[in-house]
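So the structure is just underneath, and the comments pick up after that.
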Amino acid sequence: PYAAIVMDAETGKVLHEENADMRLHPAGLTKLMTLYVAFDSIETGLIGLDDKIRISRKAHHEPPAKLGLREGQRIKLRYLIRAAGVRGANDASTAIADGIDGSEAAFGRRMNGYASELGLTRSTWKNAHGLTEKGHLSTARDIANLFVAHKRDFPDYFNLFSRIRTHAGLREVANSARRMLGSIQGIRGAKYGFTRAA
C-alpha cells in the first residue's frame with residue numbers, strides 16, 4: 001500500500017499525509033536509524049570515527065547493495081558510515097552494528113531504545129540494514145520524524161545525505177538517491193530504500 005507524508009521540518013506541521021501511520025517494511029530507510037545510533041554513539045564517546053571495526057562473517061555475506069567488505073578485514077567507522085549513508089551498503093550497516101554492540105541482535109535492541117526515546121511509537125527494528133525480516137516495520141510518519149531528528153540532533157553529519165559521491169575507504173561510492181539529488185534544486189538530504197516487500 002501507498003504511504004506518504006510531507007512535513008515542515010522546522011515547525012513539524014504536516015502538509016500532506018496518506019496512510020502515514022501504516023506499519024510497512026522500511027527497507028533501506030532503516031539505515032537512518034542505524035546512523036542515528038552511530039552518530040549518538042560517537043558523540044557520547046562510545047566509539048570513535050577512526051576506530052577500526054573488524055568485519056564479521058555475517059557482514060561479509062550480506063546481499064547487495066554492498067561496499068565489498070571481506071571477513072576479517074578492519075576498516076574505520078567513518079568509511080562504514082559513508083558507505084551505509086550514501087550507498088546504502090548492507091555489509092557496512094551490519095559492520096556498524098557489530099562495532100557498536102558486538103552483534104546485530106544487541107544493536108537492534110539499542111535501535112528500539114532510541115526509537116522509544118524519539119517517540120517513534122510504531123516502529124520495530126530487527127536489523128541494521130532493512131532487508132526484509134518478520135516484524136521489522138516502520139511508518140512514513142516515524143521515518144519523517146527520524147529524518148528531522150537527524151537534522152536537529154546531528155547537524156554536523158547531516159550533509160552525508162546530500163553527497164552524490166564519497167570515498168568509503170575501499171572505493172568511491174555513489175548515492176542511491178543521486179537522481180533526486182541531482183535533479184531537484186535545493187535538496188539537502190535524501191535516502192533511498194527498496195526491497196520487494198517494501
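Identifiers in the C-alpha cells: chain A, B, ... in order shown; residue index from 1 per chain; ligand index from 1 in order shown.
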
Close residues, Tyr79 (chain A) itself excluded, 8 Å, only C-alpha atoms, min 5 positions apart in chain, as a ChimeraX atom specification: /A:167-169

Region 48-162 of chain A: residues DSSP assigns to alpha helix (DSSP H), reported as a VMD selection string: chain A and resid 57 to 60 77 to 82 90 to 101 104 to 118 140 to 153

Pick from A:Thr139, A:Ala83, A:Leu118, A:Ala197, whichever lies nearest to Arg163 (chain A) using only C-alpha atoms: A:Ala83

Residue set, region 19-110 of chain A restricted to strand (DSSP E), as JSON, numbers by chain: {"A": [52, 53, 54, 74, 75, 76]}

Filtering to C-alpha atoms, could you give me those residues as a short mmCIF file (atom, residue, chain, number, x, y, z; two decimals), in the first residue's frame?
data_model
loop_
_atom_site.label_atom_id
_atom_site.label_comp_id
_atom_site.auth_asym_id
_atom_site.auth_seq_id
_atom_site.Cartn_x
_atom_site.Cartn_y
_atom_site.Cartn_z
CA LYS A 52 38.68 0.27 13.16
CA ILE A 53 35.94 -2.35 13.07
CA ARG A 54 36.67 -6.00 12.27
CA ARG A 74 39.43 -3.92 9.58
CA ILE A 75 38.02 -0.61 8.41
CA LYS A 76 37.42 2.76 10.05
#

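If you measure from each of A:Gly48, A:Gly85, A:Pro155, A:Gly99 to Lys191 (chain A) using only C-alpha atoms, the closest one turns out to be A:Gly85.
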
Using only C-alpha atoms, find each residue in region 55-117 of chain A having at least one atom no more than 7 Å away from region 174-177 of chain A; report its shortest atom-to-atom pair and that distance in Å (one decimal), rows by chain then rising number, as JSON lines.
{"residue": "A:Val86", "atom": "CA", "partner": "A:Asn175", "partner_atom": "CA", "distance": 4.6}
{"residue": "A:Arg87", "atom": "CA", "partner": "A:Asn175", "partner_atom": "CA", "distance": 4.9}
{"residue": "A:Gly88", "atom": "CA", "partner": "A:Ser176", "partner_atom": "CA", "distance": 6.7}

Residues near Phe107 (chain A), cut-off 10 Å, only C-alpha atoms, skip fewer than 6 positions along chain, as an NGL selection string: :A and (34 or 37 or 94 or 96-101 or 113 or 125-128)

Export of the given selection (N, CA and C atoms) as a tab-separated table (two decimals), in the first residue's frame:
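What ended up in part.tsv:
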chain	number	residue	atom	x	y	z
A	34	THR	N	20.00	3.26	12.00
A	34	THR	CA	21.35	2.75	12.25
A	34	THR	C	22.33	3.92	12.40
A	37	VAL	N	21.89	6.01	15.66
A	37	VAL	CA	22.55	5.35	16.78
A	37	VAL	C	24.07	5.54	16.68
A	94	THR	N	25.71	-3.72	8.80
A	94	THR	CA	25.91	-4.81	9.75
A	94	THR	C	27.22	-4.62	10.50
A	96	ILE	N	28.64	-1.78	11.25
A	96	ILE	CA	28.41	-0.72	12.24
A	96	ILE	C	27.77	-1.32	13.48
A	97	ALA	N	26.76	-2.16	13.28
A	97	ALA	CA	26.10	-2.83	14.41
A	97	ALA	C	27.08	-3.67	15.20
A	98	ASP	N	27.92	-4.44	14.50
A	98	ASP	CA	28.93	-5.27	15.17
A	98	ASP	C	29.90	-4.41	15.96
A	99	GLY	N	30.32	-3.30	15.37
A	99	GLY	CA	31.31	-2.43	16.01
A	99	GLY	C	30.81	-1.76	17.27
A	100	ILE	N	29.52	-1.41	17.28
A	100	ILE	CA	28.96	-0.71	18.43
A	100	ILE	C	28.50	-1.67	19.51
A	101	ASP	N	27.87	-2.78	19.11
A	101	ASP	CA	27.26	-3.67	20.11
A	101	ASP	C	27.72	-5.12	20.06
A	113	GLY	N	15.47	1.08	21.62
A	113	GLY	CA	15.55	2.01	22.75
A	113	GLY	C	15.59	3.44	22.28
A	125	TRP	N	12.52	-2.38	15.15
A	125	TRP	CA	13.75	-2.62	14.38
A	125	TRP	C	14.33	-3.98	14.76
A	126	LYS	N	14.64	-4.78	13.77
A	126	LYS	CA	15.21	-6.11	13.98
A	126	LYS	C	16.63	-6.22	13.44
A	127	ASN	N	17.00	-5.36	12.50
A	127	ASN	CA	18.34	-5.42	11.91
A	127	ASN	C	18.81	-4.02	11.56
A	128	ALA	N	20.07	-3.92	11.14
A	128	ALA	CA	20.68	-2.61	10.90
A	128	ALA	C	20.59	-2.16	9.45

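Residues in contact range of Asn90 (chain A), defined as at most 8 Å between only C-alpha atoms, with sequence neighbours fewer than 6 positions away removed, read Ala59, Glu62, Pro63, Pro64, Ala65, Lys66, Leu67, Ala84, Ala128 and His129 of chain A.
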
Can I get the selected residues back with N, CA, C and O atoms, as an mmCIF file, in the first residue's frame?
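This is the output file again.cif:
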data_model
loop_
_atom_site.group_PDB
_atom_site.id
_atom_site.type_symbol
_atom_site.label_atom_id
_atom_site.label_comp_id
_atom_site.auth_asym_id
_atom_site.auth_seq_id
_atom_site.Cartn_x
_atom_site.Cartn_y
_atom_site.Cartn_z
ATOM 1 N N ALA A 59 28.541 -9.855 8.224
ATOM 2 C CA ALA A 59 28.636 -8.612 7.445
ATOM 3 C C ALA A 59 29.149 -8.905 6.038
ATOM 4 O O ALA A 59 28.616 -8.389 5.043
ATOM 5 N N GLU A 62 26.365 -10.292 3.671
ATOM 6 C CA GLU A 62 25.117 -9.575 3.404
ATOM 7 C C GLU A 62 24.944 -9.389 1.894
ATOM 8 O O GLU A 62 25.921 -9.127 1.178
ATOM 9 N N PRO A 63 23.707 -9.481 1.403
ATOM 10 C CA PRO A 63 23.474 -9.273 -0.036
ATOM 11 C C PRO A 63 23.612 -7.800 -0.425
ATOM 12 O O PRO A 63 23.629 -6.923 0.445
ATOM 13 N N PRO A 64 23.708 -7.523 -1.720
ATOM 14 C CA PRO A 64 23.809 -6.122 -2.179
ATOM 15 C C PRO A 64 22.572 -5.324 -1.777
ATOM 16 O O PRO A 64 21.509 -5.897 -1.546
ATOM 17 N N ALA A 65 22.754 -4.001 -1.704
ATOM 18 C CA ALA A 65 23.919 -3.206 -2.085
ATOM 19 C C ALA A 65 25.042 -3.376 -1.064
ATOM 20 O O ALA A 65 24.790 -3.458 0.135
ATOM 21 N N LYS A 66 26.297 -3.393 -1.561
ATOM 22 C CA LYS A 66 27.435 -3.681 -0.698
ATOM 23 C C LYS A 66 28.591 -2.728 -0.997
ATOM 24 O O LYS A 66 28.697 -2.190 -2.086
ATOM 25 N N LEU A 67 29.452 -2.597 0.019
ATOM 26 C CA LEU A 67 30.729 -1.930 -0.188
ATOM 27 C C LEU A 67 31.764 -2.935 -0.691
ATOM 28 O O LEU A 67 32.669 -2.583 -1.429
ATOM 29 N N ALA A 84 27.164 3.231 4.296
ATOM 30 C CA ALA A 84 25.769 2.985 4.672
ATOM 31 C C ALA A 84 24.882 4.181 4.334
ATOM 32 O O ALA A 84 23.776 4.013 3.819
ATOM 33 N N ALA A 128 20.068 -3.917 11.143
ATOM 34 C CA ALA A 128 20.684 -2.612 10.897
ATOM 35 C C ALA A 128 20.588 -2.159 9.452
ATOM 36 O O ALA A 128 20.891 -1.005 9.146
ATOM 37 N N HIS A 129 20.155 -3.054 8.550
ATOM 38 C CA HIS A 129 20.203 -2.739 7.119
ATOM 39 C C HIS A 129 18.852 -2.555 6.467
ATOM 40 O O HIS A 129 18.732 -1.830 5.489
#

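In this comparison, which uses only C-alpha atoms, the residue of A:Val148, A:Met111, A:Met180, A:Ala9 approaching His136 (chain A) most closely is A:Met111.
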
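Separating CA of Arg82 (chain A) from CA of Arg109 (chain A) is a distance of 23.0 Å.
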
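Contact shell of Glu10 (chain A) at 12 Å (only C-alpha atoms; same-chain neighbours under 3 positions omitted): Met7, Lys13, Val14, Asn145, Phe147, Val148, Ala149, Lys151 and Arg152 of chain A.
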
Neighbour list for Tyr36 (chain A) as an MDAnalysis selection string, cut-off 9 Å, only C-alpha atoms, skip fewer than 6 positions in-chain: chainID A and resid 111 114 146 149:150 153:154

Keeping only C-alpha atoms, write those residues as an mmCIF file, in the first residue's frame.
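Result file selection-v7.cif:
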data_model
loop_
_atom_site.group_PDB
_atom_site.id
_atom_site.type_symbol
_atom_site.label_atom_id
_atom_site.label_comp_id
_atom_site.auth_asym_id
_atom_site.auth_seq_id
_atom_site.Cartn_x
_atom_site.Cartn_y
_atom_site.Cartn_z
ATOM 1 C CA MET A 111 17.793 0.842 17.959
ATOM 2 C CA TYR A 114 16.451 5.063 20.704
ATOM 3 C CA LEU A 146 13.594 10.333 12.383
ATOM 4 C CA ALA A 149 15.771 14.291 14.344
ATOM 5 C CA HIS A 150 18.942 13.768 12.308
ATOM 6 C CA ASP A 153 20.443 16.453 16.693
ATOM 7 C CA PHE A 154 23.399 15.909 14.359
#
